[in-house]
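Engineer: Please see the structure below; I have some questions.
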Amino acid sequence: MISRSAIGRNGQLALRRQCCVKPTNRRGLAAVSSGSTSFSYENADVGGVKTASRDVAGPTTKLAVIAKAGTRYQSLPGLTVGLEGFAFKNTFKRSALRVTRESELLGGQLTAYHTRESLVIEAKFLREDLPYFTELLGEVVSQTKYTAHEYHEEIEPQIKLAQKKLLGSVSALALNSAHSVAFHRGLGTPLYPSSSTPLNKYLNEESIRDFAQSAYAKSNISVVANGASQQELAKWVGEFFGDVPAGASPLSGEPTKYFGGEERIAHGSGNSMVIAFPGSSSFTSGSSYKPEIAVLAALLGGQSSIKWSPGFSLLSKAASSFPGASANTTHYSYSDAGLLTVQFSGSANAISNASKEAVKSLKSISEGSISKEDFTKAVALAKYRALEEGQNIEAGLVATGAGLVHGGQPFQIDQVGKSVEAVSADKLQAAAKALLEGKATVSSVGDLYVLPFAEDLGLKV
């Protein structure tokens with residue numbers, strides 16, 4: 001059992017530096033902090049590191065390093081998830097145990113995760129502890145040891161568990177398949193390596209260390225904060241990110257190209273099907289952003305936003321014709337591309353009926369046969385979703401950081417809302433028509449004897 005005196009000694013070690021930088025009038029948890037109610041980000045370049053901050057009033061802060069090191073940019077299978085696993089492990093300055101105990105003594109929360117384009121190293125903490133956690137994140141990206149025992153004992157088993165989880169989820173398999181068929185390499189790389197991937201051939205602590213040199217280069221990362229002033233963020237980033245390598249070449253990939261096609265995977269644990277079309281890049285990418293795709297996703301829908309109501313979306317209205325299946329339309333936006341997906345889950349027969357109904361709905365939009373009321377509702381819902389995403393601390397943080405490292409702009413919530421509002425019925429109709437005239441992506445997982453082919457739905461692949 002750890003003695004109370006030992007905890008006290010370690011607490012002093014964790015807080016020693018903090019005591020030097022904290023103001024004498026340290027606020028309590030319920031105290032009102034400085035800050036504004038604006039949801040716009042201020043951004044700046046600090047010693048070669050891109051930074052952005054949204055100084056929202058409140059006693060807590062969220063700080064993240066966003067690296068352009070998602071699965072799209074990994075040179076070998078599993079490098080992104082391996083690098084994610086090394087976050088907050090042993091560094092040249094601190095052990096993983098010390099990192100954990102110090103963060104707990106300050107009430108902080110640490111996490112790491114990845115998307116197809118970004119690797120996110122994140123900390124949540126009390127506002128006055130910004131110096132400590134900025135130092136910690138700087139240490140993670142520049143001082144991690146990448147030891148063999150940590151990889152084999154802690155990280156490798158977690159990767160294998162993620163592989164088994166992916167293999168057992170028909171929905172995840174269908175979505176990964178749709179990305180692979182639509183984009184091939186790059187954005188088509190699965191979020192986690194498949195169970196058949198020979199990881200021992202590609203992945204170890206040395207290959208992950210080499211990947212980190214480029215992934216964590218100054219030109220390849222951004223530091224974004226929510227609940228801190230830009231002045232304070234710039235001050236501590238300038239002090240604690242000086243050891244981040246500047247000369248390493250940043251990760252880059254080929255421009256995304258949409259291919260389309262069809263893939264069918266037999267599976268005995270359920271059924272899922274994805275019908276997808278080329279979508280829009282993210283708002284932060286600039287001119288290639290197409291807000292009408294977001295309106296189209298809201299109009300197709302599938303899930304009601306009002307409890308006890310079927311909803312206004314075309315697929316939710318038609319739900320009675322395919323009992324036993326659920327449908328949901330989602331738009332995945334990336335730095336230079338997007339994927340509009342309609343995903344179905346349930347019995348194979350119900351999915352067959354639902355997928356046919358989805359194509360009919362899309363054709364009705366392309367023909368301009370939707371009501372003005374439904375169009376108005378779709379615009380309003382798309383605007384709400386866009387504004388909610390920008391207001392959401394997590395989504396806005398990652399979108400801004402990813403936009404900065406990809407050479408774009410911060411996520412500015414007011415501009416997104418205006419662009420969605422400007423979508424007209426003619427633009428929506430033209431977008432739907434263009435999707436049907438081009439190549440679709442169809443991925444089916446489950447009972448292939450019943451699940452329809454793309455040609456059965458009248459789609460071009």
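By convention here, the chains of the structure tokens are called A, B, ... in the order presented, each chain's residues are numbered starting at 1, and ligands are numbered starting at 1 in the order presented.
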Taking only residues of region 222-324 of chain A that have an atom at most 12 Å from an atom of region 72-84 of chain A, what is each one's shortest atom pair and its distance in Å to one decimal, using only C-alpha atoms, in chain and number order, as CSV?

Structural biologist:
residue,atom,partner,partner_atom,distance
A:Pro250,CA,A:Tyr73,CA,10.0
A:Leu251,CA,A:Tyr73,CA,6.3
A:Ser252,CA,A:Tyr73,CA,6.3
A:Gly253,CA,A:Tyr73,CA,6.0
A:Glu254,CA,A:Tyr73,CA,9.3
A:Pro255,CA,A:Arg72,CA,10.8
A:Thr256,CA,A:Arg72,CA,9.9

Engineer: Considering only helix (DSSP H, G or I) as DSSP defines it on the backbone, what residues of region 183-250 of chain A qualify? List them as a VMD selection string.

Structural biologist: chain A and resid 183 186 to 188 199 to 202 205 to 215 218 to 220 230 to 240

Engineer: Counting only C-alpha atoms, which residue out of A:Lys377, A:Arg94, A:Lys68, A:His184 sits closest to Ser305 (chain A)?

Structural biologist: A:Lys377

Engineer: Which residues, written as a ChimeraX atom specification, have at least one atom at most 10 Å from Lys427 (chain A), with only C-alpha atoms counted and residues fewer than 3 positions away on the same chain left out?

Structural biologist: /A:290-293,422-424,430-433

Engineer: Suppose we keep all heavy atoms; can you now write the selection as a PDB file, in the first residue's frame?

Structural biologist:
ATOM      1  N   LYS A 290     -18.634  22.080 -50.417  1.00  0.00           N
ATOM      2  CA  LYS A 290     -19.950  22.108 -51.064  1.00  0.00           C
ATOM      3  C   LYS A 290     -21.034  21.932 -50.004  1.00  0.00           C
ATOM      4  O   LYS A 290     -21.357  20.798 -49.623  1.00  0.00           O
ATOM      5  CB  LYS A 290     -20.059  21.010 -52.110  1.00  0.00           C
ATOM      6  CG  LYS A 290     -19.020  21.082 -53.214  1.00  0.00           C
ATOM      7  CD  LYS A 290     -19.133  19.882 -54.146  1.00  0.00           C
ATOM      8  CE  LYS A 290     -18.056  19.902 -55.218  1.00  0.00           C
ATOM      9  NZ  LYS A 290     -18.099  18.694 -56.074  1.00  0.00           N
ATOM     10  N   PRO A 291     -21.628  23.011 -49.517  1.00  0.00           N
ATOM     11  CA  PRO A 291     -22.620  22.889 -48.448  1.00  0.00           C
ATOM     12  C   PRO A 291     -23.877  22.145 -48.871  1.00  0.00           C
ATOM     13  O   PRO A 291     -24.606  21.627 -48.016  1.00  0.00           O
ATOM     14  CB  PRO A 291     -22.928  24.348 -48.089  1.00  0.00           C
ATOM     15  CG  PRO A 291     -22.551  25.135 -49.302  1.00  0.00           C
ATOM     16  CD  PRO A 291     -21.393  24.418 -49.910  1.00  0.00           C
ATOM     17  N   GLU A 292     -24.170  22.067 -50.179  1.00  0.00           N
ATOM     18  CA  GLU A 292     -25.380  21.366 -50.618  1.00  0.00           C
ATOM     19  C   GLU A 292     -25.331  19.876 -50.303  1.00  0.00           C
ATOM     20  O   GLU A 292     -26.375  19.229 -50.181  1.00  0.00           O
ATOM     21  CB  GLU A 292     -25.609  21.583 -52.118  1.00  0.00           C
ATOM     22  CG  GLU A 292     -24.484  21.133 -53.028  1.00  0.00           C
ATOM     23  CD  GLU A 292     -23.498  22.252 -53.321  1.00  0.00           C
ATOM     24  OE1 GLU A 292     -23.400  23.196 -52.520  1.00  0.00           O
ATOM     25  OE2 GLU A 292     -22.821  22.166 -54.368  1.00  0.00           O
ATOM     26  N   ILE A 293     -24.126  19.314 -50.149  1.00  0.00           N
ATOM     27  CA  ILE A 293     -24.017  17.899 -49.789  1.00  0.00           C
ATOM     28  C   ILE A 293     -24.537  17.674 -48.368  1.00  0.00           C
ATOM     29  O   ILE A 293     -25.180  16.662 -48.066  1.00  0.00           O
ATOM     30  CB  ILE A 293     -22.565  17.417 -49.918  1.00  0.00           C
ATOM     31  CG1 ILE A 293     -22.083  17.555 -51.364  1.00  0.00           C
ATOM     32  CG2 ILE A 293     -22.439  15.980 -49.463  1.00  0.00           C
ATOM     33  CD1 ILE A 293     -22.830  16.693 -52.356  1.00  0.00           C
ATOM     34  N   ALA A 422     -27.243  29.467 -47.704  1.00  0.00           N
ATOM     35  CA  ALA A 422     -27.259  29.950 -49.086  1.00  0.00           C
ATOM     36  C   ALA A 422     -27.589  28.868 -50.106  1.00  0.00           C
ATOM     37  O   ALA A 422     -27.724  29.153 -51.298  1.00  0.00           O
ATOM     38  CB  ALA A 422     -25.908  30.566 -49.431  1.00  0.00           C
ATOM     39  N   VAL A 423     -27.727  27.619 -49.670  1.00  0.00           N
ATOM     40  CA  VAL A 423     -28.034  26.524 -50.599  1.00  0.00           C
ATOM     41  C   VAL A 423     -29.456  26.689 -51.136  1.00  0.00           C
ATOM     42  O   VAL A 423     -30.403  26.873 -50.368  1.00  0.00           O
ATOM     43  CB  VAL A 423     -27.879  25.157 -49.907  1.00  0.00           C
ATOM     44  CG1 VAL A 423     -28.337  24.033 -50.833  1.00  0.00           C
ATOM     45  CG2 VAL A 423     -26.448  24.938 -49.478  1.00  0.00           C
ATOM     46  N   SER A 424     -29.611  26.598 -52.438  1.00  0.00           N
ATOM     47  CA  SER A 424     -30.927  26.718 -53.080  1.00  0.00           C
ATOM     48  C   SER A 424     -31.424  25.344 -53.501  1.00  0.00           C
ATOM     49  O   SER A 424     -30.656  24.376 -53.573  1.00  0.00           O
ATOM     50  CB  SER A 424     -30.836  27.631 -54.308  1.00  0.00           C
ATOM     51  OG  SER A 424     -29.995  27.050 -55.289  1.00  0.00           O
ATOM     52  N   ALA A 430     -29.264  19.755 -58.587  1.00  0.00           N
ATOM     53  CA  ALA A 430     -28.109  19.529 -59.450  1.00  0.00           C
ATOM     54  C   ALA A 430     -27.105  18.581 -58.798  1.00  0.00           C
ATOM     55  O   ALA A 430     -26.504  17.728 -59.468  1.00  0.00           O
ATOM     56  CB  ALA A 430     -27.441  20.859 -59.781  1.00  0.00           C
ATOM     57  N   ALA A 431     -26.914  18.712 -57.486  1.00  0.00           N
ATOM     58  CA  ALA A 431     -25.983  17.837 -56.776  1.00  0.00           C
ATOM     59  C   ALA A 431     -26.459  16.390 -56.810  1.00  0.00           C
ATOM     60  O   ALA A 431     -25.676  15.469 -57.068  1.00  0.00           O
ATOM     61  CB  ALA A 431     -25.826  18.308 -55.331  1.00  0.00           C
ATOM     62  N   ALA A 432     -27.745  16.161 -56.561  1.00  0.00           N
ATOM     63  CA  ALA A 432     -28.297  14.801 -56.584  1.00  0.00           C
ATOM     64  C   ALA A 432     -28.202  14.191 -57.978  1.00  0.00           C
ATOM     65  O   ALA A 432     -27.872  13.006 -58.139  1.00  0.00           O
ATOM     66  CB  ALA A 432     -29.748  14.829 -56.114  1.00  0.00           C
ATOM     67  N   LYS A 433     -28.473  15.002 -58.990  1.00  0.00           N
ATOM     68  CA  LYS A 433     -28.404  14.522 -60.367  1.00  0.00           C
ATOM     69  C   LYS A 433     -26.980  14.122 -60.735  1.00  0.00           C
ATOM     70  O   LYS A 433     -26.750  13.091 -61.392  1.00  0.00           O
ATOM     71  CB  LYS A 433     -28.914  15.603 -61.314  1.00  0.00           C
ATOM     72  CG  LYS A 433     -29.039  15.159 -62.763  1.00  0.00           C
ATOM     73  CD  LYS A 433     -29.647  16.266 -63.622  1.00  0.00           C
ATOM     74  CE  LYS A 433     -29.789  15.807 -65.068  1.00  0.00           C
ATOM     75  NZ  LYS A 433     -30.367  16.866 -65.928  1.00  0.00           N
TER      76      LYS A 433
END

Engineer: Using DSSP on the backbone, list every residue of region 119-213 of chain A that comes out as strand (DSSP E), and give them as a ChimeraX atom specification.

Structural biologist: /A:119-126

Engineer: Would you pick out the contacts of Ser369 (chain A) at 12 Å or less, using only C-alpha atoms, so that residues sharing its chain but fewer than 4 positions from it are not included, and give the list as an mmCIF file with C-alpha atoms, in the first residue's frame?

Structural biologist:
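Listing of out_13.cif after writing:
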data_model
loop_
_atom_site.group_PDB
_atom_site.id
_atom_site.type_symbol
_atom_site.label_atom_id
_atom_site.label_comp_id
_atom_site.auth_asym_id
_atom_site.auth_seq_id
_atom_site.Cartn_x
_atom_site.Cartn_y
_atom_site.Cartn_z
ATOM 1 C CA LEU A 314 -37.249 10.823 -47.091
ATOM 2 C CA LYS A 360 -35.749 6.066 -55.343
ATOM 3 C CA SER A 361 -35.504 8.916 -52.848
ATOM 4 C CA LEU A 362 -32.292 10.204 -54.382
ATOM 5 C CA LYS A 363 -33.860 10.064 -57.847
ATOM 6 C CA SER A 364 -36.868 12.059 -56.614
ATOM 7 C CA ILE A 365 -34.511 14.790 -55.368
ATOM 8 C CA GLU A 373 -41.393 22.402 -46.717
ATOM 9 C CA ASP A 374 -39.096 19.357 -46.722
ATOM 10 C CA PHE A 375 -36.358 21.404 -48.391
ATOM 11 C CA ALA A 425 -33.305 24.004 -54.267
ATOM 12 C CA ASP A 426 -31.681 24.162 -57.714
ATOM 13 C CA LEU A 428 -29.569 20.583 -54.290
ATOM 14 C CA GLN A 429 -31.251 19.104 -57.357
ATOM 15 C CA ALA A 432 -28.297 14.801 -56.584
#
